[in-house]
Amino acid sequence: MNPISSSSLQIEATDSPPIAENAAYRKKAETAAVQFESFFIQDMLKQMRKATREISSEDSIFKNTINSDMLDFADQAVAAELAKQRVFGVANAIMAQLLPEK
């Protein structure tokens with residue numbers, strides 16, 4: 001006894017292009033990929049600052065966390081710019097997975 005009937009599995013054919021060729025989908029996917037690369041870079045910078053703080057000596061300027069909020073904003077801006085340029089290639093790799101070449 002199969003609760004799923006064959007009529008419920010039918011997919012209606014449409015005249016829309018395949019999802020990989022849809023310009024709106026491509027734009028959304030590209031925006032998401034660039035944002036992910038930005039988050040990746042921002043987290044990497046955050047971890048680098050944390051590691052620098054931990055290994056620096058007590059009298060080092062890197063030990064001070066007074067301006068950490070401003071540095072977070074600066075890291076966010078730098079990460080966004082690097083991601084737009086696709087410097088790390090993360091967005092390109094995501095796009096290659098989402099929209100492979102034929």
# chains A, B, ... in the order shown; residues from 1 in each chain; ligands from 1
call {"tool": "residues_around", "arguments": {"residues": "segment 60-63 of chain A", "least_positions_apart": "5", "cutoff": "10 Å", "atoms": "only C-alpha atoms", "output": "list in words"}}
result
Arg49, Lys50, Thr52, Arg53, Glu54 and Ile55 of chain A
call {"tool": "residues_around", "arguments": {"residues": "Gly89 of chain A", "least_positions_apart": "4", "cutoff": "12 Å", "atoms": "only C-alpha atoms", "output": "PDB file with C-alpha atoms, in the first residue's frame"}}
result
ATOM      1  CA  ALA A  33      28.133  33.834  -2.260  1.00  0.00           C
ATOM      2  CA  VAL A  34      29.840  37.219  -1.881  1.00  0.00           C
ATOM      3  CA  PHE A  36      29.368  34.311   2.655  1.00  0.00           C
ATOM      4  CA  GLU A  37      32.915  35.151   1.545  1.00  0.00           C
ATOM      5  CA  SER A  38      32.644  38.413   3.489  1.00  0.00           C
ATOM      6  CA  PHE A  40      34.374  34.075   6.140  1.00  0.00           C
ATOM      7  CA  ILE A  41      37.000  36.816   5.830  1.00  0.00           C
ATOM      8  CA  LEU A  82      37.777  41.949  -0.262  1.00  0.00           C
ATOM      9  CA  ALA A  83      34.704  39.800  -0.844  1.00  0.00           C
ATOM     10  CA  LYS A  84      33.454  42.138  -3.589  1.00  0.00           C
ATOM     11  CA  GLN A  85      36.788  41.673  -5.341  1.00  0.00           C
ATOM     12  CA  ALA A  93      33.830  28.196  -5.535  1.00  0.00           C
ATOM     13  CA  ILE A  94      30.265  28.544  -4.273  1.00  0.00           C
ATOM     14  CA  MET A  95      29.089  29.829  -7.660  1.00  0.00           C
ATOM     15  CA  ALA A  96      30.801  26.920  -9.391  1.00  0.00           C
TER      16      ALA A  96
END
call {"tool": "residues_around", "arguments": {"residues": "Asp72 of chain A", "least_positions_apart": "5", "cutoff": "9 Å", "atoms": "only C-alpha atoms", "output": "list in words"}}
result
Gln42, Leu45, Lys46, Asn67 and Ala77 of chain A
call {"tool": "closest_residue", "arguments": {"among": "A:Phe39, A:Gln76, A:Met70, A:Thr65", "to": "Phe88 of chain A", "atoms": "only C-alpha atoms"}}
result
A:Phe39
call {"tool": "select_by_dssp", "arguments": {"residues": "segment 37-80 of chain A", "states": "alpha helix (DSSP H)", "output": "VMD selection string"}}
result
chain A and resid 37 to 55 68 to 80
call {"tool": "atom_distance", "arguments": {"atom1": "atom CA of Arg86 of chain A", "atom2": "atom CA of Pro100 of chain A"}}
result
17.7 Å
call {"tool": "atom_distance", "arguments": {"atom1": "atom CA of Ala32 of chain A", "atom2": "atom CA of Met44 of chain A"}}
result
18.2 Å
call {"tool": "atom_distance", "arguments": {"atom1": "atom CA of Asn92 of chain A", "atom2": "atom CA of Met48 of chain A"}}
result
23.6 Å
call {"tool": "decode", "arguments": {"residues": "segment 34-60 of chain A", "atoms": "N, CA, C and O atoms", "output": "tab-separated table (two decimals), in the first residue's frame"}}
result
chain	number	residue	atom	x	y	z
A	34	VAL	N	28.95	36.12	-2.28
A	34	VAL	CA	29.84	37.22	-1.88
A	34	VAL	C	29.66	37.53	-0.40
A	34	VAL	O	30.64	37.77	0.31
A	35	GLN	N	28.42	37.51	0.10
A	35	GLN	CA	28.19	37.74	1.52
A	35	GLN	C	28.83	36.65	2.37
A	35	GLN	O	29.40	36.92	3.43
A	36	PHE	N	28.74	35.41	1.91
A	36	PHE	CA	29.37	34.31	2.65
A	36	PHE	C	30.88	34.51	2.69
A	36	PHE	O	31.51	34.30	3.74
A	37	GLU	N	31.47	34.90	1.56
A	37	GLU	CA	32.91	35.15	1.55
A	37	GLU	C	33.26	36.28	2.50
A	37	GLU	O	34.27	36.22	3.21
A	38	SER	N	32.42	37.30	2.56
A	38	SER	CA	32.64	38.41	3.49
A	38	SER	C	32.61	37.93	4.94
A	38	SER	O	33.47	38.29	5.74
A	39	PHE	N	31.62	37.10	5.28
A	39	PHE	CA	31.55	36.55	6.64
A	39	PHE	C	32.76	35.69	6.95
A	39	PHE	O	33.30	35.73	8.06
A	40	PHE	N	33.20	34.93	5.97
A	40	PHE	CA	34.37	34.07	6.14
A	40	PHE	C	35.62	34.92	6.44
A	40	PHE	O	36.37	34.64	7.38
A	41	ILE	N	35.83	35.96	5.65
A	41	ILE	CA	37.00	36.82	5.83
A	41	ILE	C	36.92	37.54	7.16
A	41	ILE	O	37.91	37.65	7.89
A	42	GLN	N	35.73	38.04	7.50
A	42	GLN	CA	35.55	38.76	8.76
A	42	GLN	C	35.86	37.86	9.95
A	42	GLN	O	36.54	38.27	10.89
A	43	ASP	N	35.40	36.61	9.91
A	43	ASP	CA	35.68	35.69	11.00
A	43	ASP	C	37.17	35.36	11.06
A	43	ASP	O	37.73	35.23	12.15
A	44	MET	N	37.80	35.24	9.91
A	44	MET	CA	39.23	34.97	9.89
A	44	MET	C	40.01	36.12	10.53
A	44	MET	O	40.92	35.91	11.33
A	45	LEU	N	39.64	37.35	10.20
A	45	LEU	CA	40.29	38.52	10.80
A	45	LEU	C	40.06	38.56	12.31
A	45	LEU	O	40.97	38.88	13.09
A	46	LYS	N	38.86	38.22	12.73
A	46	LYS	CA	38.53	38.19	14.16
A	46	LYS	C	39.39	37.18	14.89
A	46	LYS	O	39.93	37.46	15.97
A	47	GLN	N	39.54	35.99	14.29
A	47	GLN	CA	40.37	34.96	14.91
A	47	GLN	C	41.85	35.36	14.93
A	47	GLN	O	42.57	35.04	15.89
A	48	MET	N	42.30	36.06	13.91
A	48	MET	CA	43.68	36.53	13.87
A	48	MET	C	43.93	37.54	14.98
A	48	MET	O	44.96	37.48	15.67
A	49	ARG	N	42.99	38.46	15.20
A	49	ARG	CA	43.14	39.44	16.29
A	49	ARG	C	43.14	38.76	17.65
A	49	ARG	O	43.90	39.12	18.54
A	50	LYS	N	42.28	37.76	17.81
A	50	LYS	CA	42.20	37.03	19.07
A	50	LYS	C	43.52	36.30	19.36
A	50	LYS	O	44.04	36.35	20.47
A	51	ALA	N	44.05	35.65	18.35
A	51	ALA	CA	45.32	34.93	18.51
A	51	ALA	C	46.46	35.89	18.81
A	51	ALA	O	47.33	35.61	19.64
A	52	THR	N	46.45	37.05	18.15
A	52	THR	CA	47.49	38.05	18.40
A	52	THR	C	47.44	38.53	19.84
A	52	THR	O	48.48	38.70	20.49
A	53	ARG	N	46.22	38.75	20.34
A	53	ARG	CA	46.06	39.18	21.73
A	53	ARG	C	46.58	38.13	22.70
A	53	ARG	O	47.20	38.45	23.71
A	54	GLU	N	46.31	36.88	22.40
A	54	GLU	CA	46.71	35.80	23.31
A	54	GLU	C	48.22	35.57	23.35
A	54	GLU	O	48.76	35.24	24.40
A	55	ILE	N	48.90	35.76	22.22
A	55	ILE	CA	50.34	35.48	22.21
A	55	ILE	C	51.19	36.72	22.50
A	55	ILE	O	52.39	36.59	22.69
A	56	SER	N	50.58	37.88	22.55
A	56	SER	CA	51.37	39.09	22.79
A	56	SER	C	51.72	39.23	24.27
A	56	SER	O	51.03	38.72	25.15
A	57	SER	N	52.81	39.92	24.51
A	57	SER	CA	53.25	40.12	25.89
A	57	SER	C	52.33	41.11	26.61
A	57	SER	O	51.55	41.82	25.98
A	58	GLU	N	52.46	41.18	27.92
A	58	GLU	CA	51.57	42.01	28.73
A	58	GLU	C	51.70	43.50	28.42
A	58	GLU	O	50.74	44.24	28.53
A	59	ASP	N	52.87	43.94	28.00
A	59	ASP	CA	53.06	45.36	27.71
A	59	ASP	C	52.89	45.71	26.23
A	59	ASP	O	53.17	46.82	25.80
A	60	SER	N	52.40	44.78	25.45
A	60	SER	CA	52.21	44.99	24.02
A	60	SER	C	50.96	45.83	23.75
A	60	SER	O	49.97	45.77	24.49
